[in-house]
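**Q** So here's coords36.cif (mmCIF, C-alpha atoms).
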```cif
data_target
#
loop_
_atom_site.label_atom_id
_atom_site.label_comp_id
_atom_site.auth_asym_id
_atom_site.auth_seq_id
_atom_site.Cartn_x
_atom_site.Cartn_y
_atom_site.Cartn_z
CA MET A 1 0.00 0.00 0.00
CA LEU A 2 1.27 3.47 -0.88
CA LEU A 3 -0.13 6.64 0.57
CA ARG A 4 1.60 10.01 0.27
CA ARG A 5 0.76 13.68 -0.02
CA CYS A 6 0.84 15.04 -3.56
CA GLY A 7 -0.82 18.44 -3.08
CA ASP A 8 -2.53 20.70 -0.59
CA ASP A 9 -5.71 18.67 -0.68
CA ALA A 10 -4.52 15.56 -2.45
CA PHE A 11 -2.99 12.28 -1.38
CA GLU A 12 -1.78 9.61 -3.77
CA LEU A 13 -3.19 6.17 -3.04
CA GLN A 14 -2.07 2.81 -4.37
CA VAL A 15 -3.70 -0.31 -2.95
CA SER A 16 -3.10 -3.82 -4.21
CA ALA A 17 -6.03 -6.00 -5.21
CA GLY A 18 -5.52 -8.14 -2.12
CA GLU A 19 -5.36 -5.13 0.19
CA ALA A 20 -8.47 -3.64 -1.43
CA ALA A 21 -10.36 -6.89 -0.95
CA LEU A 22 -9.29 -7.08 2.69
CA PHE A 23 -10.16 -3.45 3.50
CA SER A 24 -13.47 -3.81 1.72
CA GLN A 25 -14.39 -6.93 3.67
CA LEU A 26 -13.31 -5.46 7.00
CA CYS A 27 -15.24 -2.24 6.45
CA ASN A 28 -18.38 -3.98 5.20
CA ASP A 29 -18.29 -6.45 8.09
CA LEU A 30 -17.96 -3.69 10.68
CA ARG A 31 -20.67 -1.72 8.95
CA ASP A 32 -23.03 -4.70 9.18
CA GLN A 33 -22.14 -5.22 12.84
CA LEU A 34 -22.69 -1.56 13.77
CA THR A 35 -26.14 -1.60 12.20
CA GLY A 36 -27.09 -5.18 13.05
CA THR A 37 -25.55 -6.09 16.41
CA PRO A 38 -24.56 -2.75 17.98
CA ASP A 39 -24.52 -4.20 21.50
CA ALA A 40 -21.87 -6.83 20.69
CA PRO A 41 -19.11 -6.73 23.32
CA HIS A 42 -16.31 -5.98 20.86
CA LEU A 43 -18.13 -2.84 19.71
CA ARG A 44 -18.44 -1.23 23.12
CA ARG A 45 -15.59 1.22 22.44
CA LEU A 46 -17.53 2.47 19.43
CA SER A 47 -20.54 3.47 21.55
CA PRO A 48 -18.99 5.00 24.66
CA THR A 49 -20.82 6.56 27.61
CA ALA A 50 -20.83 10.34 27.96
CA HIS A 51 -22.35 10.56 31.46
CA PRO A 52 -21.08 7.62 33.52
CA GLY A 53 -23.03 7.15 36.71
CA HIS A 54 -25.93 9.31 35.52
CA PRO A 55 -28.38 7.09 33.63
CA ASP A 56 -30.97 9.85 33.05
CA ARG A 57 -28.39 12.20 31.55
CA GLU A 58 -26.93 9.36 29.50
CA ARG A 59 -30.34 8.34 28.20
CA ALA A 60 -31.05 11.93 27.11
CA TYR A 61 -27.61 12.22 25.51
CA GLN A 62 -28.01 8.96 23.59
CA GLU A 63 -31.47 9.96 22.40
CA MET A 64 -29.92 13.13 21.08
CA VAL A 65 -26.80 11.82 19.34
CA GLY A 66 -26.82 8.02 19.31
CA GLY A 67 -28.03 7.66 15.76
CA ASP A 68 -25.67 10.34 14.48
CA LEU A 69 -22.61 8.57 15.88
CA VAL A 70 -23.41 5.31 14.10
CA ASP A 71 -24.33 7.19 10.91
CA GLY A 72 -20.93 8.88 10.96
CA GLN A 73 -19.10 5.63 11.59
CA VAL A 74 -20.94 3.95 8.72
CA ALA A 75 -20.28 6.91 6.43
CA ALA A 76 -16.54 6.70 7.15
CA LEU A 77 -16.48 2.95 6.45
CA ASP A 78 -18.45 3.48 3.25
CA THR A 79 -15.97 6.17 2.18
CA VAL A 80 -13.10 3.69 2.44
CA VAL A 81 -14.95 1.12 0.35
CA ARG A 82 -15.98 3.74 -2.21
CA THR A 83 -12.49 5.21 -2.63
CA LEU A 84 -10.37 2.05 -2.52
CA GLU A 85 -9.81 2.05 -6.27
CA GLN A 86 -9.15 5.79 -6.57
CA ASP A 87 -5.60 6.99 -7.11
CA ARG A 88 -6.20 10.22 -5.22
CA LEU A 89 -7.87 11.03 -1.90
CA THR A 90 -8.94 14.43 -0.68
CA THR A 91 -8.22 15.52 2.88
CA ALA A 92 -11.84 14.82 3.83
CA GLU A 93 -11.63 11.33 2.36
CA LEU A 94 -8.35 10.63 4.14
CA ASP A 95 -9.86 11.82 7.43
CA ALA A 96 -12.69 9.33 6.86
CA TRP A 97 -10.10 6.60 6.25
CA LEU A 98 -8.46 7.57 9.54
CA ARG A 99 -11.69 7.31 11.52
CA ALA A 100 -12.77 4.13 9.79
CA LEU A 101 -9.47 2.31 10.23
CA ASN A 102 -9.26 3.42 13.84
CA ALA A 103 -12.78 2.10 14.39
CA LEU A 104 -11.60 -1.23 12.99
CA ARG A 105 -8.66 -1.12 15.44
CA LEU A 106 -10.99 -0.38 18.34
CA ALA A 107 -13.26 -3.31 17.52
CA LEU A 108 -10.41 -5.72 16.85
CA GLY A 109 -8.35 -4.51 19.78
CA THR A 110 -11.30 -4.97 22.11
CA ALA A 111 -11.91 -8.48 20.78
CA LEU A 112 -8.22 -9.30 21.29
CA ASP A 113 -8.23 -7.64 24.72
CA VAL A 114 -5.05 -5.77 23.90
CA SER A 115 -3.21 -4.17 26.80
CA GLU A 116 -0.66 -1.39 27.29
CA ASP A 117 2.04 -4.05 27.58
CA ARG A 118 1.07 -5.70 24.32
CA LEU A 119 4.21 -4.68 22.45
CA ASP A 120 6.29 -6.51 25.04
CA ASP A 121 4.39 -9.75 24.58
CA GLU A 122 5.01 -11.75 21.41
CA VAL A 123 2.09 -13.71 20.10
CA ALA A 124 3.06 -17.26 19.16
CA GLU A 125 2.37 -18.32 15.61
CA GLU A 126 0.41 -21.26 17.01
CA ASP A 127 -1.95 -18.86 18.81
CA PRO A 128 -5.35 -18.93 17.08
CA ALA A 129 -5.40 -15.12 17.19
CA PHE A 130 -1.94 -14.77 15.62
CA TYR A 131 -3.22 -13.45 12.28
CA ASP A 132 -5.72 -11.16 14.01
CA HIS A 133 -2.79 -9.64 15.90
CA LEU A 134 -0.91 -9.19 12.62
CA LEU A 135 -3.95 -7.46 11.15
CA TYR A 136 -4.19 -5.24 14.22
CA ASP A 137 -0.54 -4.26 13.81
CA ASP A 138 -1.03 -3.57 10.10
CA LEU A 139 -4.05 -1.36 10.80
CA SER A 140 -2.02 0.46 13.46
CA ALA A 141 0.73 1.13 10.94
CA VAL A 142 -1.71 2.58 8.41
CA VAL A 143 -3.38 4.75 11.05
CA GLY A 144 0.05 6.03 12.07
CA LEU A 145 0.89 6.79 8.45
CA ILE A 146 -2.34 8.70 7.89
CA VAL A 147 -1.80 10.75 11.06
CA SER A 148 1.70 11.68 9.90
CA LEU A 149 0.31 12.77 6.53
CA LEU A 150 -2.62 14.78 7.92
CA ALA A 151 -0.55 16.40 10.66
CA ASP A 152 2.16 17.52 8.24
CA ARG A 153 1.33 20.93 6.80
CA MET B 1 -3.28 21.36 10.93
CA VAL B 2 -6.24 20.23 8.89
CA PRO B 3 -9.54 21.17 10.50
CA SER B 4 -12.08 18.44 10.78
CA THR B 5 -14.08 18.54 7.56
CA ARG B 6 -17.09 16.79 9.04
CA PRO B 7 -19.73 19.38 9.92
CA ALA B 8 -20.22 19.67 13.66
CA THR B 9 -23.67 18.54 14.70
CA ALA B 10 -25.11 20.98 17.19
CA PRO B 11 -27.14 19.35 19.97
CA ILE B 12 -30.85 20.11 19.83
CA GLU B 13 -32.80 21.26 22.83
CA VAL B 14 -34.66 18.46 24.57
CA ASP B 15 -36.61 18.38 27.79
CA ARG B 16 -34.18 16.70 30.18
CA PRO B 17 -35.28 16.39 33.77
CA ASP B 18 -32.05 16.51 35.75
CA THR B 19 -32.49 17.20 39.43
CA ASP B 20 -28.82 16.94 40.43
CA ALA B 21 -27.15 19.18 37.80
CA GLU B 22 -26.25 22.63 39.10
CA PRO B 23 -27.12 25.18 36.42
CA ASP B 24 -24.28 27.62 37.16
CA ARG B 25 -21.38 25.18 37.35
CA PRO B 26 -19.38 24.71 34.16
CA TRP B 27 -18.94 21.31 32.58
CA ILE B 28 -15.61 19.68 31.84
CA VAL B 29 -14.78 17.10 29.19
CA LEU B 30 -12.39 14.32 30.16
CA VAL B 31 -10.48 11.96 27.90
CA TRP B 32 -9.48 8.67 29.49
CA ASN B 33 -6.47 6.47 28.79
CA ASP B 34 -6.98 3.32 26.80
CA PRO B 35 -4.61 0.71 25.40
CA ILE B 36 -5.77 0.98 21.80
CA ASN B 37 -5.64 4.58 20.59
CA LEU B 38 -2.18 5.58 19.38
CA MET B 39 -0.47 8.51 21.10
CA ASP B 40 0.14 10.35 17.83
CA TYR B 41 -3.49 9.80 16.90
CA VAL B 42 -4.74 11.26 20.19
CA THR B 43 -2.46 14.27 19.76
CA TYR B 44 -3.76 14.80 16.23
CA VAL B 45 -7.38 14.61 17.40
CA PHE B 46 -6.78 17.24 20.10
CA GLN B 47 -5.17 19.51 17.54
CA THR B 48 -7.89 18.94 14.98
CA LEU B 49 -10.96 19.25 17.18
CA PHE B 50 -9.85 22.01 19.54
CA GLY B 51 -7.24 23.89 17.51
CA TYR B 52 -4.63 23.34 20.19
CA PRO B 53 -0.99 23.92 19.22
CA LEU B 54 1.14 20.80 19.02
CA ALA B 55 2.83 21.38 22.39
CA LYS B 56 -0.46 21.66 24.28
CA ALA B 57 -2.01 18.73 22.42
CA GLU B 58 1.04 16.58 23.23
CA GLN B 59 0.95 17.57 26.90
CA LEU B 60 -2.73 16.68 27.16
CA MET B 61 -2.02 13.35 25.46
CA LEU B 62 0.80 12.65 27.91
CA ASP B 63 -1.45 13.55 30.83
CA VAL B 64 -4.00 11.05 29.53
CA HIS B 65 -1.29 8.43 29.09
CA HIS B 66 0.49 8.87 32.43
CA LYS B 67 -2.27 10.12 34.74
CA GLY B 68 -5.09 8.11 33.28
CA ARG B 69 -7.21 11.07 32.17
CA ALA B 70 -7.07 14.76 31.26
CA VAL B 71 -9.51 17.66 31.03
CA VAL B 72 -9.48 18.69 27.38
CA SER B 73 -12.23 21.31 27.29
CA SER B 74 -14.83 23.04 29.43
CA GLY B 75 -17.91 25.21 29.09
CA SER B 76 -21.66 24.93 28.93
CA ARG B 77 -23.42 21.57 29.01
CA GLU B 78 -24.28 21.92 25.35
CA LYS B 79 -20.68 22.71 24.38
CA ALA B 80 -19.40 19.79 26.46
CA GLU B 81 -21.85 17.37 24.84
CA LEU B 82 -20.78 18.53 21.39
CA ASP B 83 -17.10 18.11 22.31
CA VAL B 84 -17.77 14.63 23.71
CA PHE B 85 -19.65 13.65 20.57
CA ARG B 86 -16.83 14.87 18.33
CA LEU B 87 -14.27 12.96 20.42
CA HIS B 88 -16.44 9.83 20.19
CA GLU B 89 -16.50 10.27 16.41
CA TYR B 90 -12.73 9.78 16.51
CA GLY B 91 -13.00 6.81 18.87
CA LEU B 92 -11.63 8.49 21.97
CA TRP B 93 -13.01 7.53 25.38
CA ALA B 94 -14.51 10.85 26.50
CA THR B 95 -16.93 11.67 29.29
CA MET B 96 -18.31 14.87 30.79
CA GLN B 97 -19.15 16.06 34.30
CA GLN B 98 -19.67 19.28 36.18
CA ASP B 99 -16.50 20.94 37.41
#
```
Take the structure in this file and express it as structure tokens.
**A**
Amino acid sequence: MLLRRCGDDAFELQVSAGEAALFSQLCNDLRDQLTGTPDAPHLRRLSPTAHPGHPDRERAYQEMVGGDLVDGQVAALDTVVRTLEQDRLTTAELDAWLRALNALRLALGTALDVSEDRLDDEVAEEDPAFYDHLLYDDLSAVVGLIVSLLADR
Amino acid sequence: MVPSTRPATAPIEVDRPDTDAEPDRPWIVLVWNDPINLMDYVTYVFQTLFGYPLAKAEQLMLDVHHKGRAVVSSGSREKAELDVFRLHEYGLWATMQQD
């Protein structure tokens, strides 16, 4: 995958067929989960509480914004799928990629129960979650790359 | 710094019975540490959403990382709810409470 700035509001994108298929599947799967099984345990970081310890305030807050948060998450995931085969991304599209890929990290990281000490612990290749950990690391690298591109003026 | 290009969604007024909120006390927005969000990402989000210079955004991020949480904004209840929502859009663990 290649991603680099090529103008004020332009970023060059090159994604292999395999990478495009993977990103597309991941984004579509998360999209389906957010709209179909929003209470799944691995999605809890994508629907955080604003007023912990105050159920009435939280209920009012969720009535006000709950649908908008999911709509925004879905829109970001859809942007990734829609732009995968483009050779240029705008800043707005790249920001959507950032939020979408980080959402994928949050869901996967929660499922893997990653900890602060994770980098110190090697995951054995025999571990059933070995490839999920590789995917998590790959997503982390892409998120880090996008941040470096967006933060660089 | 690239401003967030998603339009901010202003909270609408709703009838919210809340007997324990004190109307004159400001609200603060807290971001909590978590093992998933990258430090550079958190810094970028603080810069993008609040317009903080890099040094302040980095210090807030380090406070989150080392102290477990940091106050990233304050103001009216409506402003705090908007800030929390925007932080949630970026996947940060944000809550709000009266100061």
**Q** Anything within 10 Å of (-13.9, 26.3, 29.1): list those residues as a PyMOL selection string, counting all atoms listed in the file and sticking to the file's coordinates.
**A** chain B and resi 26-29+71-76+79-80
**Q** Take the residues just selected and output them with C-alpha atoms as an mmCIF file, keeping the file's coordinate frame.
**A**
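The result, stored in part08.cif:
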```cif
data_model
loop_
_atom_site.group_PDB
_atom_site.id
_atom_site.type_symbol
_atom_site.label_atom_id
_atom_site.label_comp_id
_atom_site.auth_asym_id
_atom_site.auth_seq_id
_atom_site.Cartn_x
_atom_site.Cartn_y
_atom_site.Cartn_z
ATOM 1 C CA PRO B 26 -19.380 24.710 34.160
ATOM 2 C CA TRP B 27 -18.940 21.310 32.580
ATOM 3 C CA ILE B 28 -15.610 19.680 31.840
ATOM 4 C CA VAL B 29 -14.780 17.100 29.190
ATOM 5 C CA VAL B 71 -9.510 17.660 31.030
ATOM 6 C CA VAL B 72 -9.480 18.690 27.380
ATOM 7 C CA SER B 73 -12.230 21.310 27.290
ATOM 8 C CA SER B 74 -14.830 23.040 29.430
ATOM 9 C CA GLY B 75 -17.910 25.210 29.090
ATOM 10 C CA SER B 76 -21.660 24.930 28.930
ATOM 11 C CA LYS B 79 -20.680 22.710 24.380
ATOM 12 C CA ALA B 80 -19.400 19.790 26.460
#
```
**Q** Using Å and a single decimal, report how far CA of Leu94 in chain A sits from CA of Val15 in chain A.
**A** 13.8 Å
**Q** For CA of Glu58 in chain B and CA of Ala151 in chain A, quote the distance in Å rounded to one decimal.
**A**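 So the two atoms, CA of Glu58 in chain B and CA of Ala151 in chain A, lie 12.7 Å apart.
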**Q** Just give me the gap between CA of Gly66 in chain A and CA of Ser47 in chain A in Å, one decimal is fine.
**A**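 Pair CA of Gly66 in chain A / CA of Ser47 in chain A returns 8.1 Å.
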**Q** Take the PyMOL selection byres ((chain A) within 7 of (chain B)), apply it to the structure above, and return the hits as number ranges by chain.
**A** A: 46, 48-51, 60, 64, 69, 92, 99, 103, 106, 109, 114-116, 147, 150-151, 153
**Q** With C-alpha atoms kept, could you save the residues just selected as an mmCIF file, in the coordinates of the input?
**A**
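Contents of out_8.cif, as written:
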```cif
data_model
loop_
_atom_site.group_PDB
_atom_site.id
_atom_site.type_symbol
_atom_site.label_atom_id
_atom_site.label_comp_id
_atom_site.auth_asym_id
_atom_site.auth_seq_id
_atom_site.Cartn_x
_atom_site.Cartn_y
_atom_site.Cartn_z
ATOM 1 C CA LEU A 46 -17.530 2.470 19.430
ATOM 2 C CA PRO A 48 -18.990 5.000 24.660
ATOM 3 C CA THR A 49 -20.820 6.560 27.610
ATOM 4 C CA ALA A 50 -20.830 10.340 27.960
ATOM 5 C CA HIS A 51 -22.350 10.560 31.460
ATOM 6 C CA ALA A 60 -31.050 11.930 27.110
ATOM 7 C CA MET A 64 -29.920 13.130 21.080
ATOM 8 C CA LEU A 69 -22.610 8.570 15.880
ATOM 9 C CA ALA A 92 -11.840 14.820 3.830
ATOM 10 C CA ARG A 99 -11.690 7.310 11.520
ATOM 11 C CA ALA A 103 -12.780 2.100 14.390
ATOM 12 C CA LEU A 106 -10.990 -0.380 18.340
ATOM 13 C CA GLY A 109 -8.350 -4.510 19.780
ATOM 14 C CA VAL A 114 -5.050 -5.770 23.900
ATOM 15 C CA SER A 115 -3.210 -4.170 26.800
ATOM 16 C CA GLU A 116 -0.660 -1.390 27.290
ATOM 17 C CA VAL A 147 -1.800 10.750 11.060
ATOM 18 C CA LEU A 150 -2.620 14.780 7.920
ATOM 19 C CA ALA A 151 -0.550 16.400 10.660
ATOM 20 C CA ARG A 153 1.330 20.930 6.800
#
```
**Q** Could you pull the residues within 12 Å of Ala141 in chain A, counting all atoms listed in the file, minus those fewer than 3 positions along the same chain, as a list in words?
**A**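 In the requested form, the answer reads Met1, Leu3, Leu98, Leu101, Asn102, Arg105, Leu134, Leu135, Tyr136, Asp137, Asp138, Gly144, Leu145, Ile146, Val147 and Ser148 of chain A; Leu38, Asp40 and Tyr41 of chain B.
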**Q** Kindly export the residues of the current selection with C-alpha atoms, as a PDB file, in the frame of the given file.
**A**
```pdb
ATOM      1  CA  MET A   1       0.000   0.000   0.000  1.00  0.00           C
ATOM      2  CA  LEU A   3      -0.130   6.640   0.570  1.00  0.00           C
ATOM      3  CA  LEU A  98      -8.460   7.570   9.540  1.00  0.00           C
ATOM      4  CA  LEU A 101      -9.470   2.310  10.230  1.00  0.00           C
ATOM      5  CA  ASN A 102      -9.260   3.420  13.840  1.00  0.00           C
ATOM      6  CA  ARG A 105      -8.660  -1.120  15.440  1.00  0.00           C
ATOM      7  CA  LEU A 134      -0.910  -9.190  12.620  1.00  0.00           C
ATOM      8  CA  LEU A 135      -3.950  -7.460  11.150  1.00  0.00           C
ATOM      9  CA  TYR A 136      -4.190  -5.240  14.220  1.00  0.00           C
ATOM     10  CA  ASP A 137      -0.540  -4.260  13.810  1.00  0.00           C
ATOM     11  CA  ASP A 138      -1.030  -3.570  10.100  1.00  0.00           C
ATOM     12  CA  GLY A 144       0.050   6.030  12.070  1.00  0.00           C
ATOM     13  CA  LEU A 145       0.890   6.790   8.450  1.00  0.00           C
ATOM     14  CA  ILE A 146      -2.340   8.700   7.890  1.00  0.00           C
ATOM     15  CA  VAL A 147      -1.800  10.750  11.060  1.00  0.00           C
ATOM     16  CA  SER A 148       1.700  11.680   9.900  1.00  0.00           C
TER      17      SER A 148
ATOM     18  CA  LEU B  38      -2.180   5.580  19.380  1.00  0.00           C
ATOM     19  CA  ASP B  40       0.140  10.350  17.830  1.00  0.00           C
ATOM     20  CA  TYR B  41      -3.490   9.800  16.900  1.00  0.00           C
TER      21      TYR B  41
END
```
**Q** Using all atoms listed in the file, which residues sit within 10 Å of Arg82 in chain A once same-chain residues fewer than 5 positions away are excluded, as a short mmCIF file (atom, residue, chain, number, x, y, z; two decimals) with C-alpha atoms, keeping the file's coordinate frame?
**A**
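Ended up saving to result17.cif:
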```cif
data_model
loop_
_atom_site.label_atom_id
_atom_site.label_comp_id
_atom_site.auth_asym_id
_atom_site.auth_seq_id
_atom_site.Cartn_x
_atom_site.Cartn_y
_atom_site.Cartn_z
CA SER A 24 -13.47 -3.81 1.72
CA ALA A 76 -16.54 6.70 7.15
CA LEU A 77 -16.48 2.95 6.45
CA GLU A 93 -11.63 11.33 2.36
#
```
**Q** May I have the residues within 8 Å of Glu12 in chain A as an MDAnalysis selection string, using all atoms listed in the file and disregarding those fewer than 6 positions away in the same chain?
**A** chainID A and resid 2:6 87:89
**Q** From the set A:Thr79, A:Thr35, A:Thr110, A:Gln73, which residue has the shortest atom-to-atom contact distance to Asp132 in chain A, counting only C-alpha atoms?
**A**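 Counting only C-alpha atoms, the residue closest to Asp132 in chain A is A:Thr110.
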**Q** Would you mind telling me which residue in A:Leu26, A:Val80, A:Ala107, A:Leu13 lies nearest to Asp39 in chain A when using only C-alpha atoms?
**A**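 Under the stated criterion, the closest residue is A:Ala107.
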**Q** I need the residue nearest Thr91 in chain A from this list: A:Leu149, A:Glu19, A:Phe130, A:Gln14. Use only C-alpha atoms for the distance.
**A**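 Ranked by minimum distance to Thr91 in chain A, first place goes to A:Leu149.
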**Q** What's around Ala70 in chain B at 7 Å? Count only C-alpha atoms, leave out sequence neighbours fewer than 6 positions away in its own chain, and write the answer as number ranges by chain.
**A** B: 30-32, 60, 63-64
**Q** Rank B:Asp24, B:Asp99, B:Glu78, B:Asp83 by their smallest atom-to-atom distance to Phe46 in chain B, using all atoms listed in the file, and report the top residue only.
**A**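 Selected residue with least distance to Phe46 in chain B: B:Asp83.
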**Q** Restrict the output to range 17-40 of chain B and C-alpha atoms, then write it as a PDB file, in the first residue's frame.
**A**
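Okay, this is what ended up in part_13.pdb:
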```
ATOM      1  CA  PRO B  17     -35.282  16.390  33.774  1.00  0.00           C
ATOM      2  CA  ASP B  18     -32.046  16.508  35.749  1.00  0.00           C
ATOM      3  CA  THR B  19     -32.485  17.198  39.429  1.00  0.00           C
ATOM      4  CA  ASP B  20     -28.819  16.943  40.427  1.00  0.00           C
ATOM      5  CA  ALA B  21     -27.155  19.177  37.800  1.00  0.00           C
ATOM      6  CA  GLU B  22     -26.251  22.630  39.098  1.00  0.00           C
ATOM      7  CA  PRO B  23     -27.120  25.182  36.420  1.00  0.00           C
ATOM      8  CA  ASP B  24     -24.285  27.623  37.162  1.00  0.00           C
ATOM      9  CA  ARG B  25     -21.379  25.179  37.354  1.00  0.00           C
ATOM     10  CA  PRO B  26     -19.377  24.706  34.163  1.00  0.00           C
ATOM     11  CA  TRP B  27     -18.939  21.306  32.581  1.00  0.00           C
ATOM     12  CA  ILE B  28     -15.611  19.683  31.837  1.00  0.00           C
ATOM     13  CA  VAL B  29     -14.777  17.101  29.192  1.00  0.00           C
ATOM     14  CA  LEU B  30     -12.389  14.322  30.164  1.00  0.00           C
ATOM     15  CA  VAL B  31     -10.476  11.955  27.901  1.00  0.00           C
ATOM     16  CA  TRP B  32      -9.477   8.674  29.492  1.00  0.00           C
ATOM     17  CA  ASN B  33      -6.469   6.475  28.795  1.00  0.00           C
ATOM     18  CA  ASP B  34      -6.978   3.323  26.803  1.00  0.00           C
ATOM     19  CA  PRO B  35      -4.606   0.707  25.399  1.00  0.00           C
ATOM     20  CA  ILE B  36      -5.766   0.976  21.796  1.00  0.00           C
ATOM     21  CA  ASN B  37      -5.637   4.583  20.592  1.00  0.00           C
ATOM     22  CA  LEU B  38      -2.178   5.577  19.384  1.00  0.00           C
ATOM     23  CA  MET B  39      -0.474   8.507  21.096  1.00  0.00           C
ATOM     24  CA  ASP B  40       0.142  10.354  17.825  1.00  0.00           C
TER      25      ASP B  40
END
```
